[in-house]
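Structure file structure03.cif with mmCIF, C-alpha atoms:
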data_data
#
loop_
_atom_site.label_atom_id
_atom_site.label_comp_id
_atom_site.auth_asym_id
_atom_site.auth_seq_id
_atom_site.Cartn_x
_atom_site.Cartn_y
_atom_site.Cartn_z
CA MET Z 920 16.39 -2.25 -5.69
CA ASN Z 921 13.42 -2.41 -3.33
CA SER Z 922 10.87 0.03 -2.01
CA PHE Z 923 12.88 0.63 1.10
CA ASP Z 924 15.87 1.91 -0.89
CA ASN Z 925 14.12 4.89 -2.46
CA GLU Z 926 16.60 7.32 -0.93
CA LYS Z 927 19.43 5.48 -2.72
CA CYS Z 928 17.80 5.78 -6.14
CA ALA Z 929 15.01 8.31 -5.99
CA ASN Z 930 14.03 8.05 -9.67
CA CYS Z 931 14.06 4.24 -9.91
CA PRO Z 932 10.78 2.32 -9.97
CA ALA Z 933 10.32 0.46 -6.69
CA HIS Z 934 8.12 -2.36 -7.95
CA ASN Z 935 9.26 -5.98 -8.02
CA LEU Z 936 8.78 -6.88 -11.68
CA THR Z 937 9.31 -10.63 -11.21
CA ASN Z 938 6.67 -10.86 -8.52
CA LEU Z 939 4.26 -8.61 -10.42
CA VAL Z 940 4.41 -11.04 -13.36
CA LYS Z 941 3.60 -13.90 -10.96
CA LEU Z 942 0.65 -11.84 -9.75
CA GLY Z 943 -0.56 -11.50 -13.34
CA ILE Z 944 0.44 -7.86 -13.86
CA ASP Z 945 1.84 -6.88 -17.27
CA MET Z 946 4.14 -3.86 -16.90
CA SER Z 947 5.48 -3.87 -20.48
CA ASN Z 948 3.90 -0.52 -21.37
CA PHE Z 949 4.08 1.17 -17.98
CA ASP Z 950 6.68 2.98 -15.89
CA PHE Z 951 5.06 2.70 -12.45
CA VAL Z 952 2.44 0.55 -10.74
CA VAL Z 953 -0.01 1.92 -8.17
CA ALA Z 954 -2.07 -0.17 -5.75
CA LEU Z 955 -5.46 1.15 -4.64
CA ALA Z 956 -6.40 -0.09 -1.17
CA GLY Z 957 -9.23 0.72 1.19
CA ASN Z 958 -12.18 -0.44 3.27
CA PRO Z 959 -15.42 -1.31 1.45
CA ASN Z 960 -17.78 1.63 0.91
CA THR Z 961 -15.11 4.35 0.95
CA GLY Z 962 -15.69 5.37 -2.67
CA LYS Z 963 -12.59 3.46 -3.78
CA SER Z 964 -14.15 2.43 -7.11
CA THR Z 965 -15.11 6.04 -7.78
CA VAL Z 966 -11.53 7.14 -7.11
CA PHE Z 967 -10.33 4.38 -9.45
CA ASN Z 968 -12.69 5.53 -12.21
CA SER Z 969 -11.70 9.18 -11.69
CA LEU Z 970 -8.03 8.31 -12.09
CA THR Z 971 -8.34 5.94 -15.04
CA GLY Z 972 -11.35 7.13 -17.05
CA LEU Z 973 -12.04 4.56 -19.77
CA ARG Z 974 -8.51 3.13 -19.70
CA GLN Z 975 -9.34 0.06 -17.62
CA HIS Z 976 -10.17 -3.62 -17.87
CA THR Z 977 -11.29 -6.40 -15.53
CA GLY Z 978 -10.31 -10.00 -14.90
CA ASN Z 979 -9.54 -12.36 -12.02
CA TRP Z 980 -6.51 -12.72 -9.80
CA PRO Z 981 -4.40 -15.74 -10.85
CA GLY Z 982 -5.82 -18.90 -9.29
CA LYS Z 983 -8.63 -16.97 -7.59
CA THR Z 984 -12.28 -16.28 -8.29
CA VAL Z 985 -11.86 -12.74 -6.94
CA GLY Z 986 -12.24 -10.05 -9.59
CA ARG Z 987 -9.54 -7.52 -10.35
CA ALA Z 988 -9.76 -4.17 -12.09
CA GLU Z 989 -6.75 -2.54 -13.74
CA GLY Z 990 -6.45 0.83 -15.37
CA GLY Z 991 -3.93 3.39 -16.45
CA PHE Z 992 -3.17 7.06 -16.68
CA ILE Z 993 -0.37 9.30 -17.86
CA TYR Z 994 1.03 12.06 -15.67
CA SER Z 995 4.07 14.21 -16.43
CA ASN Z 996 4.93 11.92 -19.37
CA LYS Z 997 5.07 8.85 -17.13
CA ARG Z 998 2.75 5.87 -17.62
CA PHE Z 999 1.04 4.55 -14.50
CA LYS Z 1000 -0.79 1.25 -14.13
CA ILE Z 1001 -3.26 1.23 -11.24
CA VAL Z 1002 -4.54 -1.99 -9.68
CA ASP Z 1003 -7.73 -1.88 -7.62
CA LEU Z 1004 -7.22 -4.25 -4.68
CA PRO Z 1005 -10.18 -5.99 -3.00
CA GLY Z 1006 -11.84 -3.83 -0.36
CA THR Z 1007 -10.74 -5.03 3.08
CA TYR Z 1008 -10.81 -3.93 6.71
CA SER Z 1009 -7.37 -5.38 7.48
CA LEU Z 1010 -4.33 -7.10 5.97
CA LEU Z 1011 -4.16 -9.95 8.48
CA SER Z 1012 -4.78 -12.57 5.78
CA THR Z 1013 -7.87 -14.06 7.41
CA SER Z 1014 -9.76 -14.05 4.10
CA THR Z 1015 -8.93 -14.41 0.41
CA ASP Z 1016 -9.48 -10.70 -0.18
CA GLU Z 1017 -7.13 -9.75 2.64
CA GLU Z 1018 -4.50 -12.22 1.43
CA ILE Z 1019 -4.63 -10.82 -2.11
CA ALA Z 1020 -4.33 -7.21 -0.94
CA ARG Z 1021 -1.55 -7.97 1.53
CA ASP Z 1022 0.48 -10.11 -0.89
CA PHE Z 1023 0.24 -7.53 -3.66
CA ILE Z 1024 1.62 -4.78 -1.44
CA LEU Z 1025 4.25 -7.00 0.21
CA PHE Z 1026 5.50 -9.03 -2.76
CA GLY Z 1027 4.59 -6.78 -5.71
CA GLN Z 1028 6.07 -3.75 -3.93
CA PRO Z 1029 4.04 -1.15 -5.87
CA ASP Z 1030 5.65 2.21 -6.50
CA VAL Z 1031 2.76 3.82 -4.62
CA THR Z 1032 -0.09 2.45 -2.53
CA VAL Z 1033 -3.05 4.82 -2.43
CA ILE Z 1034 -5.11 4.20 0.71
CA VAL Z 1035 -8.68 5.43 0.25
CA ILE Z 1036 -10.48 6.23 3.48
CA ASP Z 1037 -13.91 7.63 4.32
CA ALA Z 1038 -13.46 11.09 5.85
CA THR Z 1039 -16.66 10.59 7.87
CA ARG Z 1040 -15.23 7.44 9.50
CA LEU Z 1041 -11.61 8.44 9.93
CA GLU Z 1042 -10.81 6.50 13.09
CA ARG Z 1043 -12.27 3.24 11.80
CA ASN Z 1044 -10.54 3.51 8.42
CA LEU Z 1045 -7.11 4.38 9.84
CA ASN Z 1046 -6.75 0.80 11.08
CA LEU Z 1047 -6.13 -0.41 7.51
CA ALA Z 1048 -3.98 2.61 6.71
CA LEU Z 1049 -1.64 1.87 9.63
CA GLN Z 1050 -1.36 -1.77 8.55
CA VAL Z 1051 -0.42 -0.71 5.01
CA LEU Z 1052 2.26 1.60 6.43
CA GLU Z 1053 3.76 -1.35 8.28
CA ILE Z 1054 4.46 -2.98 4.90
CA THR Z 1055 5.43 -0.15 2.58
CA ASP Z 1056 7.05 3.26 2.85
CA ARG Z 1057 5.53 4.52 -0.42
CA ALA Z 1058 1.94 5.56 0.19
CA VAL Z 1059 -0.60 8.34 -0.25
CA LEU Z 1060 -3.71 8.73 1.88
CA CYS Z 1061 -6.80 9.68 -0.12
CA LEU Z 1062 -9.19 11.34 2.30
CA ASN Z 1063 -12.31 10.70 0.26
CA LEU Z 1064 -15.92 11.81 0.82
CA ILE Z 1065 -14.64 15.09 2.25
CA ASP Z 1066 -17.87 16.71 1.05
CA GLU Z 1067 -19.88 14.33 3.24
CA ALA Z 1068 -17.62 15.13 6.19
CA LYS Z 1069 -18.21 18.85 5.74
CA ARG Z 1070 -21.95 18.24 5.50
CA HIS Z 1071 -21.77 16.50 8.88
CA LYS Z 1072 -19.65 19.37 10.24
CA ILE Z 1073 -16.60 17.10 10.59
CA LYS Z 1074 -13.34 19.02 10.30
CA ILE Z 1075 -10.10 17.18 9.54
CA ASP Z 1076 -6.68 18.83 9.71
CA ASP Z 1077 -5.22 17.05 6.68
CA ARG Z 1078 -1.87 18.86 6.98
CA ASN Z 1079 -1.36 17.72 10.55
CA LEU Z 1080 -2.54 14.20 9.67
CA SER Z 1081 0.05 14.14 6.89
CA LYS Z 1082 2.73 15.22 9.33
CA VAL Z 1083 1.77 12.52 11.83
CA LEU Z 1084 1.49 9.71 9.25
CA GLY Z 1085 4.56 10.83 7.29
CA ILE Z 1086 2.83 10.53 3.91
CA PRO Z 1087 0.82 12.87 1.65
CA VAL Z 1088 -2.83 13.25 2.68
CA ILE Z 1089 -5.14 14.49 -0.07
CA PRO Z 1090 -8.78 15.44 0.63
CA THR Z 1091 -11.05 14.38 -2.24
CA ALA Z 1092 -14.68 14.17 -3.27
CA ALA Z 1093 -14.16 11.75 -6.14
CA ARG Z 1094 -17.76 11.84 -7.35
CA GLN Z 1095 -17.36 15.54 -8.09
CA GLY Z 1096 -13.74 15.26 -9.24
CA VAL Z 1097 -12.56 17.37 -6.29
CA GLY Z 1098 -8.93 16.79 -5.33
CA ILE Z 1099 -8.18 14.32 -8.13
CA GLN Z 1100 -5.50 16.51 -9.73
CA GLU Z 1101 -3.83 16.94 -6.35
CA LEU Z 1102 -4.01 13.17 -5.85
CA LEU Z 1103 -2.37 12.56 -9.23
CA LYS Z 1104 0.45 14.94 -8.36
CA SER Z 1105 1.07 13.24 -5.01
CA ILE Z 1106 1.12 9.81 -6.66
CA TYR Z 1107 3.70 11.10 -9.14
CA ASP Z 1108 5.77 12.77 -6.40
CA VAL Z 1109 5.98 9.57 -4.33
CA ALA Z 1110 6.58 7.31 -7.36
CA SER Z 1111 9.33 9.55 -8.74
CA GLY Z 1112 10.99 9.95 -5.36
CA SER Z 1113 10.54 13.71 -5.13
CA TYR Z 1114 8.48 13.09 -1.97
CA ILE Z 1115 10.20 10.74 0.48
CA CYS Z 1116 7.66 9.19 2.83
CA LYS Z 1117 8.54 8.61 6.47
CA PRO Z 1118 5.58 6.47 7.52
CA TYR Z 1119 4.37 6.18 11.08
CA ARG Z 1120 5.01 2.74 12.53
CA ILE Z 1121 3.18 1.30 15.51
CA SER Z 1122 5.41 0.53 18.48
CA SER Z 1123 5.70 -3.12 19.50
CA ASP Z 1124 6.83 -2.32 23.04
CA ILE Z 1125 4.70 -5.03 24.59
CA LYS Z 1126 6.02 -7.00 27.54
CA GLY Z 1127 7.52 -10.26 26.39
CA VAL Z 1128 7.06 -9.45 22.69
CA ASN Z 1129 10.04 -7.21 21.99
CA LYS Z 1130 12.59 -9.86 22.94
CA ALA Z 1131 10.95 -12.46 20.67
CA VAL Z 1132 10.65 -9.94 17.81
CA GLU Z 1133 14.31 -8.98 18.08
CA GLU Z 1134 15.42 -12.62 18.15
CA ILE Z 1135 13.39 -13.48 15.02
CA ASN Z 1136 14.58 -10.22 13.45
CA ARG Z 1137 18.19 -11.28 13.99
CA MET Z 1138 17.57 -14.70 12.46
CA LEU Z 1139 15.78 -13.23 9.43
CA LYS Z 1140 18.59 -10.75 8.76
CA GLN Z 1141 21.15 -13.52 9.10
CA LYS Z 1142 19.37 -15.77 6.60
CA PHE Z 1143 18.09 -13.02 4.27
CA PRO Z 1144 20.56 -10.11 4.28
CA ASN Z 1145 19.02 -6.78 3.14
CA LEU Z 1146 15.45 -8.08 3.52
CA PRO Z 1147 13.22 -5.01 3.99
CA ASN Z 1148 11.00 -4.55 7.03
CA THR Z 1149 12.06 -7.67 8.90
CA ARG Z 1150 10.33 -6.33 12.02
CA TRP Z 1151 6.90 -6.59 10.39
CA ILE Z 1152 7.71 -10.05 9.02
CA ALA Z 1153 8.86 -11.14 12.50
CA LEU Z 1154 5.56 -9.95 13.99
CA ARG Z 1155 3.57 -11.87 11.38
CA LEU Z 1156 5.59 -15.03 12.09
CA LEU Z 1157 4.85 -14.65 15.81
CA GLU Z 1158 1.15 -14.31 15.04
CA GLY Z 1159 1.23 -17.55 13.03
CA ASP Z 1160 0.57 -16.04 9.59
CA GLN Z 1161 0.77 -19.20 7.46
CA ARG Z 1162 1.42 -17.33 4.20
CA ILE Z 1163 4.47 -15.62 5.69
CA ILE Z 1164 5.63 -18.82 7.41
CA ASP Z 1165 5.51 -20.67 4.06
CA ALA Z 1166 7.29 -17.81 2.27
CA VAL Z 1167 10.14 -17.89 4.81
CA ARG Z 1168 10.42 -21.69 4.75
CA SER Z 1169 10.48 -21.84 0.94
CA GLY Z 1170 12.80 -18.85 0.59
CA GLU Z 1171 10.18 -16.96 -1.44
CA ILE Z 1172 10.51 -14.10 1.04
CA ALA Z 1173 14.00 -13.48 -0.41
CA GLU Z 1174 12.32 -12.25 -3.60
CA LEU Z 1175 11.61 -9.00 -1.76
CA ILE Z 1176 15.31 -8.25 -2.22
CA HIS Z 1177 16.05 -6.90 -5.68
#
As structure tokens, how would this structure be written, given the file I've shared?
Amino acid sequence: MNSFDNEKCANCPAHNLTNLVKLGIDMSNFDFVVALAGNPNTGKSTVFNSLTGLRQHTGNWPGKTVGRAEGGFIYSNKRFKIVDLPGTYSLLSTSTDEEIARDFILFGQPDVTVIVIDATRLERNLNLALQVLEITDRAVLCLNLIDEAKRHKIKIDDRNLSKVLGIPVIPTAARQGVGIQELLKSIYDVASGSYICKPYRISSDIKGVNKAVEEINRMLKQKFPNLPNTRWIALRLLEGDQRIIDAVRSGEIAELIH
């Protein structure tokens, strides 16, 4: 079972338990795992604290000096572990923080990835959101700092944004606790399969690229039947992403199939 089969088994957890263990995540007392992603300075830590309260602890990522915060919450009798990923502007694996965030979403396959963005800098923050949606089809957009946006007379049509992105979009002001209950409900709905995301994917209709993508796509599907999102993996191979190249060569990429 993988995160791209949620229509086949709506109530099944999507996470890859084997890979989560490798990433240092203990799921023994939890039903679902949630990743918290976002640019720096979007209020991501405040959202994390609002969701977890005092049920959290810190440590380092395995083999890294980068800190990691984990917490938990219970909603509708289900136990959720939430992992706060390093704040990044992209998932292109050009830094340790980006590599950690990207690998957790790709290989850990969290049941939900919450993307926290700054409502006052929507256009800039959507770059990361669109990259996350290239990797996973289980996501919620947390439109944080909505109070600051209103103060600057910025109006955002969250319903239309949700329709365009194909995922729940929840306006929040985490410092005041505004929207947190709605965010919890959306996380539960996506994790449990009652909300089926249909994420927006960027077109790769670029001259000379499509043919190469399709050829690599075909080879990936031949070698790794049922591998999810081969198109994104093909694009990363074309761009020379060494982490993905190594994962394909070693066969580690096959662990996405479960």
Of the listed residues Z:Gln1050, Z:Asn1063, Z:Ser947, Z:Ser1111, that which approaches Z:Trp1151 most closely, counting all atoms listed in the file:
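For Z:Trp1151, the nearest of the candidates is Z:Gln1050.
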In Å, with one decimal, what is the gap from atom CA of Z:Val985 to atom CA of Z:Ala1110?
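According to the coordinates, atom CA of Z:Val985 and atom CA of Z:Ala1110 are separated by 27.2 Å.
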Quick one: of Z:Ala1131, Z:Val1059, Z:Ile993, Z:Leu1157, who's nearest to Z:Glu1101, counting only C-alpha atoms?
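Counting only C-alpha atoms, the residue closest to Z:Glu1101 is Z:Val1059.
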Just how far from atom CA of Z:Leu1004 is atom CA of Z:Asp945, in Å to one decimal?
15.7 Å
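Between Z:Val1002 and the residues Z:Asn1046, Z:Ser1014, Z:Leu942, Z:Thr984, the shortest atom-to-atom distance, using only C-alpha atoms, involves Z:Leu942.
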Shell of 12 Å around Z:Ile944, all atoms listed in the file, local chain residues under 4 positions omitted, as a ChimeraX atom specification
/Z:934-940,948-949,951-954,977-981,987-990,1000-1003,1023,1027,1029
Residues matched by the PyMOL selection byres ((chain Z and resi 1092) around 8) as a list in words:
Asn1063, Leu1064, Ile1065, Asp1066, Pro1090, Thr1091, Ala1093, Arg1094, Gln1095, Gly1096, Val1097 and Gly1098 of chain Z
Two-atom distance - atom CA of Z:Leu1010, atom CA of Z:Ile1073 (Å):
27.5 Å
Which residues match the PyMOL selection byres ((chain Z and resi 1146) around 9) in the file above, as a count of residues only?
13
Evaluate the PyMOL selection byres ((chain Z and resi 1062) around 12) and record the selected residues as number ranges by chain, following the chain and residue labels used in the document.
Z: 957, 961-963, 966, 1033-1042, 1044-1045, 1048, 1059-1061, 1063-1068, 1074-1078, 1080-1081, 1087-1093, 1097-1099, 1101-1102
Fewer than 3 positions away in the same chain doesn't count, so skip those; otherwise give me all residues within 7 Å of stretch 1019-1022 of chain Z, counting all atoms listed in the file, as a ChimeraX atom specification.
/Z:1004-1005,1010,1015-1016,1025-1026
Between Z:Arg1150, Z:Arg974, Z:Arg1162, Z:Arg1070, which one has atoms that come closest to Z:Ile1121, using all atoms listed in the file?
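The closest residue to Z:Ile1121 is Z:Arg1150.
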Quick one: everything within 9 Å of Z:Leu1049, counting all atoms listed in the file, minus sequence neighbours fewer than 6 positions away in the same chain. Send it as a PDB file with C-alpha atoms, in the frame of the given file.
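Saved file part37.pdb follows:
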ATOM      1  CA  LEU Z1084       1.490   9.710   9.250  1.00  0.00           C
ATOM      2  CA  PRO Z1118       5.580   6.470   7.520  1.00  0.00           C
ATOM      3  CA  TYR Z1119       4.370   6.180  11.080  1.00  0.00           C
ATOM      4  CA  ARG Z1120       5.010   2.740  12.530  1.00  0.00           C
ATOM      5  CA  ILE Z1121       3.180   1.300  15.510  1.00  0.00           C
TER       6      ILE Z1121
END
Completion of stretch 1049-1060 of chain Z up to all heavy atoms, as a compact mmCIF listing (two decimals), in the frame of the given file:
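Contents of rebuild01.txt, freshly written:
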# COMPACT_ATOMS: atom_id res chain seq x y z
N LEU Z 1049 -2.81 2.15 8.80
CA LEU Z 1049 -1.64 1.87 9.63
C LEU Z 1049 -1.03 0.51 9.30
O LEU Z 1049 0.19 0.34 9.34
CB LEU Z 1049 -2.01 1.96 11.11
CG LEU Z 1049 -2.34 3.37 11.62
CD1 LEU Z 1049 -2.87 3.31 13.05
CD2 LEU Z 1049 -1.14 4.29 11.53
N GLN Z 1050 -1.87 -0.46 8.94
CA GLN Z 1050 -1.36 -1.77 8.55
C GLN Z 1050 -0.60 -1.69 7.23
O GLN Z 1050 0.44 -2.33 7.06
CB GLN Z 1050 -2.51 -2.78 8.45
CG GLN Z 1050 -3.10 -3.16 9.79
CD GLN Z 1050 -4.18 -4.22 9.66
OE1 GLN Z 1050 -4.07 -5.14 8.86
NE2 GLN Z 1050 -5.23 -4.09 10.45
N VAL Z 1051 -1.11 -0.89 6.29
CA VAL Z 1051 -0.42 -0.71 5.01
C VAL Z 1051 0.95 -0.07 5.25
O VAL Z 1051 1.96 -0.47 4.65
CB VAL Z 1051 -1.25 0.17 4.05
CG1 VAL Z 1051 -0.43 0.55 2.82
CG2 VAL Z 1051 -2.52 -0.57 3.62
N LEU Z 1052 1.01 0.90 6.16
CA LEU Z 1052 2.26 1.60 6.43
C LEU Z 1052 3.28 0.73 7.15
O LEU Z 1052 4.46 1.07 7.21
CB LEU Z 1052 2.00 2.88 7.24
CG LEU Z 1052 1.18 3.95 6.51
CD1 LEU Z 1052 1.04 5.19 7.38
CD2 LEU Z 1052 1.82 4.32 5.17
N GLU Z 1053 2.82 -0.39 7.70
CA GLU Z 1053 3.76 -1.35 8.28
C GLU Z 1053 4.50 -2.12 7.19
O GLU Z 1053 5.58 -2.66 7.41
CB GLU Z 1053 3.02 -2.35 9.18
CG GLU Z 1053 2.54 -1.78 10.50
CD GLU Z 1053 3.67 -1.44 11.45
OE1 GLU Z 1053 4.61 -2.25 11.57
OE2 GLU Z 1053 3.63 -0.37 12.09
N ILE Z 1054 3.90 -2.18 5.99
CA ILE Z 1054 4.46 -2.98 4.90
C ILE Z 1054 5.27 -2.15 3.91
O ILE Z 1054 6.29 -2.59 3.40
CB ILE Z 1054 3.34 -3.73 4.15
CG1 ILE Z 1054 2.54 -4.62 5.11
CG2 ILE Z 1054 3.91 -4.58 3.02
CD1 ILE Z 1054 1.37 -5.32 4.46
N THR Z 1055 4.79 -0.95 3.62
CA THR Z 1055 5.43 -0.15 2.58
C THR Z 1055 5.73 1.25 3.08
O THR Z 1055 5.04 1.77 3.97
CB THR Z 1055 4.54 -0.06 1.33
OG1 THR Z 1055 5.20 0.74 0.34
CG2 THR Z 1055 3.18 0.56 1.64
N ASP Z 1056 6.76 1.87 2.52
CA ASP Z 1056 7.05 3.26 2.85
C ASP Z 1056 6.78 4.17 1.65
O ASP Z 1056 7.29 5.29 1.58
CB ASP Z 1056 8.49 3.43 3.35
CG ASP Z 1056 9.53 3.08 2.29
OD1 ASP Z 1056 9.14 2.57 1.22
OD2 ASP Z 1056 10.72 3.32 2.53
N ARG Z 1057 5.93 3.70 0.73
CA ARG Z 1057 5.53 4.52 -0.42
C ARG Z 1057 4.00 4.53 -0.48
O ARG Z 1057 3.40 3.61 -1.02
CB ARG Z 1057 6.10 3.95 -1.72
CG ARG Z 1057 7.61 4.15 -1.88
CD ARG Z 1057 8.08 3.45 -3.14
NE ARG Z 1057 9.46 3.73 -3.45
CZ ARG Z 1057 9.87 4.58 -4.37
NH1 ARG Z 1057 8.99 5.25 -5.08
NH2 ARG Z 1057 11.17 4.78 -4.60
N ALA Z 1058 3.41 5.54 0.11
CA ALA Z 1058 1.94 5.56 0.19
C ALA Z 1058 1.41 6.98 0.15
O ALA Z 1058 2.10 7.95 0.47
CB ALA Z 1058 1.49 4.86 1.47
N VAL Z 1059 0.14 7.08 -0.25
CA VAL Z 1059 -0.60 8.34 -0.25
C VAL Z 1059 -1.96 8.05 0.37
O VAL Z 1059 -2.59 7.04 0.04
CB VAL Z 1059 -0.79 8.89 -1.68
CG1 VAL Z 1059 -1.70 10.12 -1.66
CG2 VAL Z 1059 0.55 9.24 -2.32
N LEU Z 1060 -2.39 8.90 1.28
CA LEU Z 1060 -3.71 8.73 1.88
C LEU Z 1060 -4.71 9.61 1.14
O LEU Z 1060 -4.54 10.82 1.07
CB LEU Z 1060 -3.69 9.12 3.36
CG LEU Z 1060 -4.94 8.74 4.16
CD1 LEU Z 1060 -4.96 7.24 4.43
CD2 LEU Z 1060 -4.99 9.50 5.48
